[in-house]
Amino acid sequence: MEITIPGALADFLAGTNLATGANDHDPASRATREALDAGRRSRGRTLIITPTIDVLHVISEYAETLLATDEATRAERRAARLWIERAGHARPRTPANKTEQTPYDDTPVIVRADEVRPGDTVLACFGDDLTVDTATEPHALYHAEPYTAAPAPYNPACGCTACAIYKDHEGPLVNLAPDTPWETCDPAPAEAPTLIRRATTDTELADTVAAVEQADAAAGTWRGEWIGEQQTDDTLFTVGQDAKQGALFNSRATD
């Protein structure tokens, strides 16, 4: 399955240690470098790759880093936000020297609403007086029909009854899915405890890519948003639109 990286974010990745192989000691970083190196440039400086779920999360790590950098250009910030909106935030990674309990099993887990990933099964919510640290499974308010998560930014102009409830809410919100069995969105405060069953790796990857493709179709696609955009002075370097596969990377050293 292919996914498209906005041009300014692809350019940013090309200027990091990820592109030089300096981070190859980390298997996920190495896999990401290889996926980027095997990618192909498309019109508008976009880069089309075939990722694994780990690759998606590594790119999200870099997108989050880019958003936190004061020196980021307007185009880079826009590209990073677009990537995170479409592919999700980075997953916290366990150091290689620690034994990790697989997050992909049938055991329900309680997470913050903004930690729900595409493809997870949303089982229940909790009362407003509980937090992710105090909520336990016996407190859960189970949904009559669990559903598959497809997190998206909360849209106060949505108009559905569920979104209207949170229109005056103070604090960040997340929409766990725009399509639920009760035919409304499922918005929630970002910190709200949520009972879920994690997706399998294959399911999560498929659902993430599907969510991106659906968003592309609705928004005119990443390609479409970047087609025709002229090279500007705020890009890290220029890559011609007829660049050959693998041209994203060069041998220049980075800090």
# chains A, B, ... in the order shown; residues from 1 in each chain; ligands from 1
>>> residues_around(residues="region 27-32 of chain A", least_positions_apart="3", cutoff="6 Å", atoms="only C-alpha atoms", output="ChimeraX atom specification")
/A:24,35,54-55
>>> closest_residue(among="A:Ala199, A:Ala72, A:Ala22, A:Ala164", to="Cys185 (chain A)", atoms="only C-alpha atoms")
A:Ala164
>>> residues_around(residues="Ile84 (chain A)", least_positions_apart="6", cutoff="8 Å", atoms="only C-alpha atoms", output="PyMOL selection string")
chain A and resi 60+63-64
>>> select_by_dssp(residues="region 41-76 of chain A", states="helix (DSSP H, G or I)", output="ChimeraX atom specification")
/A:43-45,53-67,74-76
>>> closest_residue(among="A:Val111, A:Ala79, A:Ala157, A:Leu18", to="Ala190 (chain A)", atoms="only C-alpha atoms")
A:Val111
>>> select_by_dssp(residues="region 18-48 of chain A", states="strand (DSSP E)", output="PyMOL selection string")
chain A and resi 40-41+47-48
>>> write_last_selection(atoms="N, CA, C and O atoms", output="PDB file, in the first residue's frame")
ATOM      1  N   ARG A  40       9.317   7.343  -4.682  1.00  0.00           N
ATOM      2  CA  ARG A  40       9.402   8.069  -5.955  1.00  0.00           C
ATOM      3  C   ARG A  40       8.766   9.443  -5.805  1.00  0.00           C
ATOM      4  O   ARG A  40       7.716   9.594  -5.185  1.00  0.00           O
ATOM      5  N   ARG A  41       9.442  10.425  -6.363  1.00  0.00           N
ATOM      6  CA  ARG A  41       8.923  11.782  -6.335  1.00  0.00           C
ATOM      7  C   ARG A  41       7.759  11.904  -7.318  1.00  0.00           C
ATOM      8  O   ARG A  41       7.776  11.325  -8.398  1.00  0.00           O
ATOM      9  N   LEU A  47       6.384  12.853  -2.130  1.00  0.00           N
ATOM     10  CA  LEU A  47       7.141  11.608  -2.202  1.00  0.00           C
ATOM     11  C   LEU A  47       6.197  10.461  -1.884  1.00  0.00           C
ATOM     12  O   LEU A  47       5.521  10.461  -0.849  1.00  0.00           O
ATOM     13  N   ILE A  48       6.132   9.480  -2.764  1.00  0.00           N
ATOM     14  CA  ILE A  48       5.245   8.335  -2.600  1.00  0.00           C
ATOM     15  C   ILE A  48       6.065   7.147  -2.115  1.00  0.00           C
ATOM     16  O   ILE A  48       7.058   6.766  -2.742  1.00  0.00           O
TER      17      ILE A  48
END
>>> residues_around(residues="His143 (chain A)", least_positions_apart="5", cutoff="9 Å", atoms="only C-alpha atoms", output="PDB file with all heavy atoms, in the first residue's frame")
ATOM      1  N   VAL A 122     -12.971   0.786  19.632  1.00  0.00           N
ATOM      2  CA  VAL A 122     -13.405   1.584  20.779  1.00  0.00           C
ATOM      3  C   VAL A 122     -14.527   0.829  21.483  1.00  0.00           C
ATOM      4  O   VAL A 122     -15.596   0.610  20.912  1.00  0.00           O
ATOM      5  CB  VAL A 122     -13.870   2.987  20.335  1.00  0.00           C
ATOM      6  CG1 VAL A 122     -14.320   3.802  21.551  1.00  0.00           C
ATOM      7  CG2 VAL A 122     -12.750   3.699  19.597  1.00  0.00           C
ATOM      8  N   LEU A 123     -14.267   0.443  22.737  1.00  0.00           N
ATOM      9  CA  LEU A 123     -15.206  -0.384  23.484  1.00  0.00           C
ATOM     10  C   LEU A 123     -16.088   0.412  24.437  1.00  0.00           C
ATOM     11  O   LEU A 123     -17.258   0.078  24.631  1.00  0.00           O
ATOM     12  CB  LEU A 123     -14.439  -1.443  24.294  1.00  0.00           C
ATOM     13  CG  LEU A 123     -13.520  -2.371  23.493  1.00  0.00           C
ATOM     14  CD1 LEU A 123     -12.717  -3.252  24.447  1.00  0.00           C
ATOM     15  CD2 LEU A 123     -14.332  -3.229  22.540  1.00  0.00           C
ATOM     16  N   ALA A 124     -15.519   1.440  25.073  1.00  0.00           N
ATOM     17  CA  ALA A 124     -16.269   2.132  26.118  1.00  0.00           C
ATOM     18  C   ALA A 124     -15.659   3.489  26.423  1.00  0.00           C
ATOM     19  O   ALA A 124     -14.503   3.774  26.095  1.00  0.00           O
ATOM     20  CB  ALA A 124     -16.286   1.274  27.395  1.00  0.00           C
ATOM     21  N   CYS A 125     -16.452   4.325  27.086  1.00  0.00           N
ATOM     22  CA  CYS A 125     -15.969   5.584  27.632  1.00  0.00           C
ATOM     23  C   CYS A 125     -16.129   5.528  29.151  1.00  0.00           C
ATOM     24  O   CYS A 125     -16.527   4.494  29.703  1.00  0.00           O
ATOM     25  CB  CYS A 125     -16.730   6.764  27.033  1.00  0.00           C
ATOM     26  SG  CYS A 125     -18.513   6.702  27.331  1.00  0.00           S
TER      27      CYS A 125
END
>>> residues_around(residues="Thr121 (chain A)", least_positions_apart="3", cutoff="7 Å", atoms="only C-alpha atoms", output="MDAnalysis selection string")
chainID A and resid 146:149 196:199
>>> closest_residue(among="A:Glu183, A:Glu115, A:Asp168, A:Glu191", to="Asp133 (chain A)", atoms="only C-alpha atoms")
A:Glu191
>>> residues_around(residues="Tyr166 (chain A)", least_positions_apart="3", cutoff="8 Å", atoms="only C-alpha atoms", output="list of chain:residue names")
A:Pro156, A:Ala162, A:Cys163, A:His169, A:Pro187, A:Ala188
